[in-house]
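Visitor: Here you go, target_15.pdb (PDB, C-alpha atoms, pLDDT in the B column):
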```pdb
ATOM      1  CA  MET J   1     113.655  66.351  68.347  1.00 47.00           C
ATOM      2  CA  THR J   2     110.604  65.890  70.506  1.00 46.00           C
ATOM      3  CA  SER J   3     107.235  67.506  69.977  1.00 48.00           C
ATOM      4  CA  MET J   4     106.302  70.280  72.391  1.00 54.00           C
ATOM      5  CA  THR J   5     103.301  68.180  73.452  1.00 57.00           C
ATOM      6  CA  SER J   6     105.450  65.272  74.658  1.00 57.00           C
ATOM      7  CA  PRO J   7     104.836  64.234  78.277  1.00 60.00           C
ATOM      8  CA  SER J   8     108.572  64.697  78.942  1.00 82.00           C
ATOM      9  CA  PHE J   9     108.566  68.326  77.737  1.00 90.00           C
ATOM     10  CA  ARG J  10     109.285  70.876  80.487  1.00 95.00           C
ATOM     11  CA  GLN J  11     109.876  74.582  80.184  1.00 97.00           C
ATOM     12  CA  LEU J  12     112.687  75.558  82.541  1.00 97.00           C
ATOM     13  CA  ALA J  13     112.807  79.291  81.776  1.00 98.00           C
ATOM     14  CA  ALA J  14     111.561  81.948  79.392  1.00 98.00           C
ATOM     15  CA  PHE J  15     112.862  85.496  79.536  1.00 98.00           C
ATOM     16  CA  THR J  16     114.001  88.452  77.453  1.00 98.00           C
ATOM     17  CA  VAL J  17     117.130  90.571  77.542  1.00 98.00           C
ATOM     18  CA  ARG J  18     117.506  94.066  76.166  1.00 98.00           C
ATOM     19  CA  SER J  19     119.627  94.345  73.035  1.00 97.00           C
ATOM     20  CA  GLU J  20     122.568  95.994  74.727  1.00 97.00           C
ATOM     21  CA  PRO J  21     126.198  94.885  74.541  1.00 96.00           C
ATOM     22  CA  GLY J  22     127.061  92.800  77.593  1.00 96.00           C
ATOM     23  CA  ASN J  23     123.567  91.386  78.090  1.00 98.00           C
ATOM     24  CA  GLU J  24     124.760  88.063  76.636  1.00 97.00           C
ATOM     25  CA  ARG J  25     126.229  87.529  80.127  1.00 97.00           C
ATOM     26  CA  LEU J  26     122.750  87.903  81.638  1.00 98.00           C
ATOM     27  CA  ALA J  27     121.397  85.353  79.174  1.00 98.00           C
ATOM     28  CA  LEU J  28     124.120  82.796  79.878  1.00 97.00           C
ATOM     29  CA  ALA J  29     123.720  83.219  83.654  1.00 98.00           C
ATOM     30  CA  GLN J  30     119.954  82.681  83.497  1.00 98.00           C
ATOM     31  CA  VAL J  31     120.310  79.657  81.215  1.00 98.00           C
ATOM     32  CA  ALA J  32     122.991  78.154  83.476  1.00 98.00           C
ATOM     33  CA  ALA J  33     120.750  78.609  86.516  1.00 98.00           C
ATOM     34  CA  ALA J  34     117.793  77.052  84.693  1.00 98.00           C
ATOM     35  CA  VAL J  35     119.677  73.905  83.638  1.00 97.00           C
ATOM     36  CA  ALA J  36     121.760  73.497  86.811  1.00 96.00           C
ATOM     37  CA  GLY J  37     119.893  70.362  87.926  1.00 92.00           C
ATOM     38  CA  GLU J  38     119.645  68.700  84.519  1.00 95.00           C
ATOM     39  CA  GLY J  39     122.764  66.504  84.647  1.00 93.00           C
ATOM     40  CA  LEU J  40     125.307  68.363  82.524  1.00 96.00           C
ATOM     41  CA  SER J  41     128.917  67.751  83.464  1.00 95.00           C
ATOM     42  CA  PRO J  42     130.870  70.911  84.338  1.00 96.00           C
ATOM     43  CA  ALA J  43     132.658  70.794  80.959  1.00 96.00           C
ATOM     44  CA  ARG J  44     129.395  70.478  79.021  1.00 97.00           C
ATOM     45  CA  MET J  45     127.830  73.265  81.104  1.00 97.00           C
ATOM     46  CA  GLU J  46     130.722  75.560  80.109  1.00 97.00           C
ATOM     47  CA  ARG J  47     130.256  74.614  76.456  1.00 97.00           C
ATOM     48  CA  LEU J  48     126.534  75.388  76.636  1.00 98.00           C
ATOM     49  CA  LYS J  49     127.221  78.726  78.343  1.00 97.00           C
ATOM     50  CA  THR J  50     129.730  79.653  75.617  1.00 96.00           C
ATOM     51  CA  ALA J  51     127.225  78.771  72.877  1.00 97.00           C
ATOM     52  CA  VAL J  52     124.413  80.702  74.587  1.00 98.00           C
ATOM     53  CA  ALA J  53     126.608  83.776  75.075  1.00 97.00           C
ATOM     54  CA  GLU J  54     127.744  83.753  71.437  1.00 95.00           C
ATOM     55  CA  ALA J  55     124.188  83.242  70.100  1.00 97.00           C
ATOM     56  CA  ALA J  56     122.814  85.983  72.364  1.00 97.00           C
ATOM     57  CA  MET J  57     125.629  88.349  71.354  1.00 95.00           C
ATOM     58  CA  ASN J  58     124.860  87.680  67.678  1.00 93.00           C
ATOM     59  CA  ALA J  59     121.149  88.325  68.303  1.00 96.00           C
ATOM     60  CA  ILE J  60     121.891  91.592  70.114  1.00 96.00           C
ATOM     61  CA  GLU J  61     124.480  92.897  67.660  1.00 94.00           C
ATOM     62  CA  HIS J  62     123.548  91.494  64.250  1.00 91.00           C
ATOM     63  CA  GLY J  63     119.845  90.712  64.663  1.00 93.00           C
ATOM     64  CA  ASN J  64     118.539  93.595  66.732  1.00 96.00           C
ATOM     65  CA  ARG J  65     121.422  95.942  65.870  1.00 95.00           C
ATOM     66  CA  ASN J  66     122.022  96.995  69.511  1.00 96.00           C
ATOM     67  CA  GLN J  67     118.562  98.586  69.774  1.00 97.00           C
ATOM     68  CA  PRO J  68     117.830  98.270  73.532  1.00 97.00           C
ATOM     69  CA  GLU J  69     114.064  98.484  73.037  1.00 97.00           C
ATOM     70  CA  VAL J  70     114.089  95.390  70.784  1.00 97.00           C
ATOM     71  CA  PRO J  71     114.281  92.326  73.027  1.00 97.00           C
ATOM     72  CA  VAL J  72     116.071  89.048  72.536  1.00 98.00           C
ATOM     73  CA  ASP J  73     113.779  86.182  73.571  1.00 98.00           C
ATOM     74  CA  VAL J  74     115.307  83.162  75.305  1.00 98.00           C
ATOM     75  CA  GLU J  75     113.508  79.926  76.137  1.00 98.00           C
ATOM     76  CA  VAL J  76     114.992  76.905  77.892  1.00 98.00           C
ATOM     77  CA  THR J  77     113.234  73.542  77.735  1.00 98.00           C
ATOM     78  CA  VAL J  78     113.945  69.877  78.348  1.00 96.00           C
ATOM     79  CA  ALA J  79     112.421  67.217  76.113  1.00 92.00           C
ATOM     80  CA  ASP J  80     113.365  63.521  76.194  1.00 89.00           C
ATOM     81  CA  GLY J  81     116.810  64.203  77.636  1.00 88.00           C
ATOM     82  CA  ASP J  82     117.577  67.140  75.348  1.00 95.00           C
ATOM     83  CA  ILE J  83     118.210  70.564  76.838  1.00 97.00           C
ATOM     84  CA  VAL J  84     117.004  73.020  74.215  1.00 97.00           C
ATOM     85  CA  VAL J  85     117.853  76.724  74.330  1.00 98.00           C
ATOM     86  CA  THR J  86     116.046  78.882  71.791  1.00 98.00           C
ATOM     87  CA  ILE J  87     117.321  82.418  71.171  1.00 98.00           C
ATOM     88  CA  THR J  88     115.236  84.689  68.939  1.00 98.00           C
ATOM     89  CA  ASP J  89     115.877  88.194  67.648  1.00 97.00           C
ATOM     90  CA  GLN J  90     113.805  90.459  65.398  1.00 95.00           C
ATOM     91  CA  GLY J  91     116.379  91.003  62.656  1.00 90.00           C
ATOM     92  CA  GLY J  92     115.060  88.602  60.023  1.00 85.00           C
ATOM     93  CA  ALA J  93     117.481  86.703  57.816  1.00 79.00           C
ATOM     94  CA  PRO J  94     121.066  87.898  58.285  1.00 71.00           C
ATOM     95  CA  GLU J  95     122.431  89.699  55.224  1.00 64.00           C
ATOM     96  CA  GLY J  96     124.971  87.648  53.309  1.00 56.00           C
ATOM     97  CA  ALA J  97     124.864  84.912  55.933  1.00 52.00           C
ATOM     98  CA  SER J  98     125.878  81.429  55.023  1.00 51.00           C
ATOM     99  CA  PRO J  99     125.367  79.291  58.138  1.00 50.00           C
ATOM    100  CA  GLY J 100     127.073  76.277  56.606  1.00 51.00           C
ATOM    101  CA  ALA J 101     130.233  78.143  55.575  1.00 62.00           C
ATOM    102  CA  GLU J 102     133.318  77.223  57.550  1.00 76.00           C
ATOM    103  CA  PRO J 103     135.679  80.050  58.421  1.00 67.00           C
ATOM    104  CA  ASP J 104     139.156  79.544  56.990  1.00 64.00           C
ATOM    105  CA  LEU J 105     141.956  80.852  59.227  1.00 63.00           C
ATOM    106  CA  ALA J 106     144.478  81.079  56.394  1.00 72.00           C
ATOM    107  CA  ALA J 107     141.985  82.986  54.206  1.00 65.00           C
ATOM    108  CA  LYS J 108     141.193  85.330  57.080  1.00 57.00           C
ATOM    109  CA  LEU J 109     144.894  85.999  57.723  1.00 70.00           C
ATOM    110  CA  ALA J 110     145.426  86.605  54.006  1.00 73.00           C
ATOM    111  CA  GLY J 111     142.553  89.104  53.961  1.00 71.00           C
ATOM    112  CA  GLU J 112     140.442  86.882  51.681  1.00 73.00           C
ATOM    113  CA  GLN J 113     137.723  86.515  54.343  1.00 63.00           C
ATOM    114  CA  PRO J 114     136.635  89.112  56.893  1.00 65.00           C
ATOM    115  CA  PRO J 115     138.312  88.649  60.291  1.00 57.00           C
ATOM    116  CA  ARG J 116     134.957  88.164  62.010  1.00 60.00           C
ATOM    117  CA  GLY J 117     132.509  85.381  61.266  1.00 63.00           C
ATOM    118  CA  TRP J 118     133.460  82.671  63.757  1.00 66.00           C
ATOM    119  CA  GLY J 119     130.184  82.790  65.748  1.00 73.00           C
ATOM    120  CA  LEU J 120     128.057  80.047  64.188  1.00 81.00           C
ATOM    121  CA  PHE J 121     131.135  77.871  63.663  1.00 82.00           C
ATOM    122  CA  LEU J 122     131.971  78.154  67.366  1.00 86.00           C
ATOM    123  CA  ILE J 123     128.387  77.565  68.473  1.00 93.00           C
ATOM    124  CA  ARG J 124     128.057  74.448  66.268  1.00 91.00           C
ATOM    125  CA  HIS J 125     131.126  72.956  67.900  1.00 90.00           C
ATOM    126  CA  MET J 126     129.989  73.681  71.455  1.00 95.00           C
ATOM    127  CA  VAL J 127     126.626  71.889  71.388  1.00 97.00           C
ATOM    128  CA  ASP J 128     125.294  68.545  70.154  1.00 97.00           C
ATOM    129  CA  ALA J 129     123.040  70.129  67.529  1.00 96.00           C
ATOM    130  CA  MET J 130     122.116  73.564  66.249  1.00 95.00           C
ATOM    131  CA  ASP J 131     119.249  74.722  64.065  1.00 94.00           C
ATOM    132  CA  VAL J 132     118.844  78.191  62.538  1.00 93.00           C
ATOM    133  CA  THR J 133     115.491  79.357  61.171  1.00 95.00           C
ATOM    134  CA  THR J 134     113.951  82.619  60.017  1.00 94.00           C
ATOM    135  CA  GLU J 135     110.222  83.325  59.858  1.00 95.00           C
ATOM    136  CA  GLY J 136     109.515  86.880  58.767  1.00 94.00           C
ATOM    137  CA  THR J 137     111.442  89.131  61.128  1.00 94.00           C
ATOM    138  CA  ARG J 138     111.995  86.389  63.729  1.00 96.00           C
ATOM    139  CA  HIS J 139     115.473  84.842  63.438  1.00 96.00           C
ATOM    140  CA  THR J 140     115.937  81.871  65.790  1.00 97.00           C
ATOM    141  CA  VAL J 141     118.953  79.833  66.831  1.00 96.00           C
ATOM    142  CA  ARG J 142     118.063  76.593  68.605  1.00 97.00           C
ATOM    143  CA  LEU J 143     120.818  74.908  70.610  1.00 98.00           C
ATOM    144  CA  VAL J 144     120.513  71.288  71.729  1.00 97.00           C
ATOM    145  CA  MET J 145     122.615  69.625  74.402  1.00 97.00           C
ATOM    146  CA  ARG J 146     122.059  66.055  75.555  1.00 94.00           C
ATOM    147  CA  ALA J 147     121.839  65.816  79.338  1.00 84.00           C
ATOM    148  CA  ALA J 148     124.013  63.254  81.134  1.00 63.00           C
ATOM    149  CA  GLY J 149     120.972  61.264  82.194  1.00 50.00           C
ATOM    150  CA  ALA J 150     120.088  60.700  78.542  1.00 48.00           C
ATOM    151  CA  GLY J 151     122.755  58.039  78.033  1.00 46.00           C
ATOM    152  CA  THR J 152     125.388  60.195  76.329  1.00 45.00           C
ATOM    153  CA  PRO J 153     127.074  62.169  79.110  1.00 43.00           C
ATOM    154  CA  ASP J 154     129.942  63.735  77.178  1.00 45.00           C
ATOM    155  CA  ARG J 155     129.738  62.573  73.570  1.00 41.00           C
ATOM    156  CA  GLY J 156     129.857  66.140  72.213  1.00 42.00           C
ATOM    157  CA  VAL J 157     132.912  67.031  74.260  1.00 38.00           C
ATOM    158  CA  ALA J 158     134.765  63.874  73.247  1.00 38.00           C
ATOM    159  CA  ALA J 159     133.943  64.306  69.560  1.00 39.00           C
ATOM    160  CA  ALA J 160     135.052  67.937  69.560  1.00 39.00           C
ATOM    161  CA  GLU J 161     138.232  67.250  71.519  1.00 38.00           C
ATOM    162  CA  GLU J 162     139.173  64.398  69.207  1.00 35.00           C
ATOM    163  CA  GLY J 163     138.287  66.377  66.090  1.00 37.00           C
ATOM    164  CA  GLY J 164     135.608  63.818  65.261  1.00 34.00           C
ATOM    165  CA  PRO J 165     132.442  64.432  63.292  1.00 34.00           C
ATOM    166  CA  ARG J 166     129.660  66.435  64.911  1.00 38.00           C
ATOM    167  CA  GLU J 167     125.969  66.318  64.246  1.00 39.00           C
ATOM    168  CA  ASN J 168     124.662  69.631  62.978  1.00 37.00           C
ATOM    169  CA  LEU J 169     121.187  70.528  61.858  1.00 38.00           C
ATOM    170  CA  VAL J 170     122.250  73.502  59.763  1.00 35.00           C
TER     171      VAL J 170
END
```
Translate this structure into structure tokens?
Guide:
Amino acid sequence: MTSMTSPSFRQLAAFTVRSEPGNERLALAQVAAAVAGEGLSPARMERLKTAVAEAAMNAIEHGNRNQPEVPVDVEVTVADGDIVVTITDQGGAPEGASPGAEPDLAAKLAGEQPPRGWGLFLIRHMVDAMDVTTEGTRHTVRLVMRAAGAGTPDRGVAAAEEGGPRENLV
């Protein structure tokens, strides 16, 4: 990924949402408005919106534990053709989290895995790359989507639809 000092780096938006159920819709709407002119096809825009909503919902519910006074920070940037959405909560490292673990439908149906736990799996398959970091209390999910003008208009969509391999940073 590109350095924040790159000449092609642009901040499109930076905002916070209160940690209240439903505010993931506010986050996805603001991100969609910010990236509207950046060359995403309608299908890729929907995928990005789904990933943003899921990441924001996780930040609100699991990170900030639905405490309205604890904000979720969202930043949207473009760097060298990458749309980068960074979502940060104040919950620190999630308890018992294993970002690389794949949910297993059969195990969930058999009661061997909890029924929830599809969030990061879904997010990873909606965007071109995802990175999860924790520094102290700040837990950050960084979503990357290549813009159409970057030479790969729908490679993530095609790979996901065909069941092909996906690039993940987790």
Visitor: Might you pull out every residue within 6 Å of region 48-63 of chain J, with all atoms listed in the file counted and same-chain residues fewer than 2 positions away left off, and present them as a PyMOL selection string?
Guide: chain J and resi 19+24+28+45-46+65-66+89+91+123+126
Visitor: Which one is closest to Gly22 (chain J): J:Gly136, J:Gly39, J:Gly111, J:Pro68? Count only C-alpha atoms.
Guide: J:Pro68
Visitor: Give the answer as one residue: which of J:Val17, J:Leu40, J:Met130, J:Leu120 has the shortest atom-to-atom distance to Val144 (chain J), using all atoms listed in the file?
Guide: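 The closest residue to Val144 (chain J) is J:Met130.
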Visitor: Please evaluate the PyMOL selection byres ((chain J and resi 140) around 8) against the structure above and give the resulting residues as a PDB file with C-alpha atoms, in the coordinates of the input.
Guide:
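Just written: out.pdb:
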```pdb
ATOM      1  CA  THR J  86     116.046  78.882  71.791  1.00 98.00           C
ATOM      2  CA  ILE J  87     117.321  82.418  71.171  1.00 98.00           C
ATOM      3  CA  THR J  88     115.236  84.689  68.939  1.00 98.00           C
ATOM      4  CA  ASP J  89     115.877  88.194  67.648  1.00 97.00           C
ATOM      5  CA  VAL J 132     118.844  78.191  62.538  1.00 93.00           C
ATOM      6  CA  THR J 133     115.491  79.357  61.171  1.00 95.00           C
ATOM      7  CA  THR J 134     113.951  82.619  60.017  1.00 94.00           C
ATOM      8  CA  ARG J 138     111.995  86.389  63.729  1.00 96.00           C
ATOM      9  CA  HIS J 139     115.473  84.842  63.438  1.00 96.00           C
ATOM     10  CA  VAL J 141     118.953  79.833  66.831  1.00 96.00           C
ATOM     11  CA  ARG J 142     118.063  76.593  68.605  1.00 97.00           C
TER      12      ARG J 142
END
```
Visitor: When the PyMOL selection byres ((chain J and resi 145) around 6) is applied to the file above, which residues end up in the set, as a ChimeraX atom specification?
Guide: /J:82-83,127-128,144,146
Visitor: Which of these residues is nearest to Leu12 (chain J), using all atoms listed in the file: J:Val35, J:Leu143, J:Val72, J:Ala129?
Guide: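 Selected residue with least distance to Leu12 (chain J): J:Val35.
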Visitor: How far is it from CA of Asp80 (chain J) to CA of Glu135 (chain J), in Å with one decimal?
Guide: 25.9 Å
Visitor: In Å to one decimal, how far is CA of Leu122 (chain J) from CA of Val78 (chain J)?
Guide: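 Between CA of Val78 (chain J) and CA of Leu122 (chain J) the gap works out to 22.7 Å.
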Visitor: Could you work out how far CA of Pro42 (chain J) lies from CA of Gln11 (chain J), giving the answer in Å with one decimal?
Guide: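 Calculated distance between CA of Gln11 (chain J) and CA of Pro42 (chain J) is 21.7 Å.
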Visitor: Using only C-alpha atoms, which of the listed residues (J:Leu26, J:Val76, J:Ala106, J:Ala14) sits closest to Glu38 (chain J)?
Guide: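 Among J:Leu26, J:Val76, J:Ala106, J:Ala14, it is J:Val76 that comes nearest to Glu38 (chain J).
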Visitor: Given the choices J:Phe121, J:Ala32, J:Phe15, J:Thr137, which gets closest to Glu102 (chain J) if the distance is worked out from all atoms listed in the file?
Guide: J:Phe121
Visitor: Counting only C-alpha atoms, figure out which residue out of J:Ala43, J:Arg10, J:Asp73, J:Pro94 gets nearest to Asn23 (chain J).
Guide: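 That would be J:Asp73, the residue with the smallest distance to Asn23 (chain J).
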